[in-house]
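J.: Before I ask anything, here is the structure I am working with.
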Amino acid sequence: MLEQTPARFSFDVTRCRYAEMYRALGLQDLGEVLSCSRDFSLVEGFNPGIRLRRTQTVMRGAPHCDFRYEDPAEAEAPGAGRPDEPSVEGDRP
C-alpha cells in the first residue's frame, strides 16, 4: 500500500493472474477488455463519487498496475488527508 487517507487509497499490483491466464491463451487484448476495463465500472457502481486513475497495467506489459482511488468530497473536506490536524468536529478517540 502506498497511501491510505480518508481522501486517497493507492497501491500497485505487481502480479496479475488474469494477465497470466490471458497471455497463456494468446488472448491478451481480450483480457484487457474483459478484466481490466471492468475496474472502472466496479468503482462507479460502488460509489459514483470515487474516482479511479490507472495509467498502466500488467496486462499491457507494465511492471505493475497502478491503482489510485480518490474521493474528491473527502479531499475538499477541512483537514482531509492530514491525520495530525483535528477535524472540524474535533479528534475522536
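So you can find residues: chains in the C-alpha cells are A, B, ... in the order shown, residues in each start at 1, and ligands are numbered from 1 in order.
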Name the residues of chain A that fall into alpha helix (DSSP H) according to DSSP on the backbone, using the chain letters and numbers of this document, as a VMD selection string.

T.: chain A and resid 17 to 25 28 to 31 38 to 46 72 to 76

J.: Would you pick out the contacts of range 50-54 of chain A at 6 Å or less, using only C-alpha atoms, so that residues sharing its chain but fewer than 4 positions from it are not included, and give the list as a list in words?

T.: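 Non-adjacent residues within range: Asp66, Phe67, Arg68, Tyr69, Glu70 and Asp71 of chain A.
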
J.: Interatomic distance between CA of Leu30 in chain A and CA of Glu44 in chain A?

T.: 21.8 Å

J.: Between A:Arg15, A:Glu74, A:Cys65, A:Phe9, which is the closest to Asp39 in chain A once you count only C-alpha atoms?

T.: A:Cys65

J.: Tell me which of A:Cys16, A:Ala75, A:Leu27, A:Gly45 sits closest to Thr57 in chain A, counting only C-alpha atoms.

T.: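 Between A:Cys16, A:Ala75, A:Leu27, A:Gly45, the residue approaching Thr57 in chain A most closely is A:Cys16.
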
J.: Quick one: DSSP strand (DSSP E or B) residues in chain A, as a ChimeraX atom specification?

T.: /A:3-4,8-13,51-53,65-70

J.: If you count only C-alpha atoms, which residues fall within 9 Å of Arg60 in chain A, apart from same-chain ones fewer than 5 positions away, as a ChimeraX atom specification?

T.: /A:19,28-29,32

J.: Only N, CA, C and O atoms, please: the residues just picked out, written as a PDB file, in the first residue's frame.

T.:
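Saved the output as again-v1.pdb:
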ATOM      1  N   ALA A  19      -3.822 -11.570 -16.221  1.00  0.00           N
ATOM      2  CA  ALA A  19      -2.872 -11.334 -17.314  1.00  0.00           C
ATOM      3  C   ALA A  19      -2.141 -12.625 -17.675  1.00  0.00           C
ATOM      4  O   ALA A  19      -1.952 -12.927 -18.859  1.00  0.00           O
ATOM      5  N   GLN A  28      -4.455 -11.760 -24.899  1.00  0.00           N
ATOM      6  CA  GLN A  28      -4.121 -10.614 -24.056  1.00  0.00           C
ATOM      7  C   GLN A  28      -5.028  -9.418 -24.316  1.00  0.00           C
ATOM      8  O   GLN A  28      -5.463  -8.757 -23.382  1.00  0.00           O
ATOM      9  N   ASP A  29      -5.344  -9.129 -25.590  1.00  0.00           N
ATOM     10  CA  ASP A  29      -6.217  -7.991 -25.904  1.00  0.00           C
ATOM     11  C   ASP A  29      -7.612  -8.186 -25.317  1.00  0.00           C
ATOM     12  O   ASP A  29      -8.221  -7.238 -24.818  1.00  0.00           O
ATOM     13  N   GLU A  32      -7.715  -7.441 -21.532  1.00  0.00           N
ATOM     14  CA  GLU A  32      -7.834  -6.023 -21.158  1.00  0.00           C
ATOM     15  C   GLU A  32      -9.292  -5.587 -21.162  1.00  0.00           C
ATOM     16  O   GLU A  32      -9.747  -4.892 -20.256  1.00  0.00           O
TER      17      GLU A  32
END

J.: What is the distance between CA of Asn47 in chain A and CA of Ala7 in chain A, in Å to one decimal?

T.: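 Rounded to one decimal, the two atoms are 13.4 Å apart.
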
J.: Within 8 Å of Tyr18 in chain A, counting only C-alpha atoms, which residues show up once you throw out same-chain ones fewer than 5 positions away? Write them as an MDAnalysis selection string, please.

T.: chainID A and resid 31 35 59

J.: With C-alpha atoms retained, could you export that selection as a compact mmCIF listing (two decimals), in the first residue's frame?

T.:
# COMPACT_ATOMS: atom_id res chain seq x y z
CA GLY A 31 -8.11 -9.78 -21.23
CA SER A 35 -10.81 -7.86 -16.87
CA MET A 59 -1.93 -6.84 -18.96
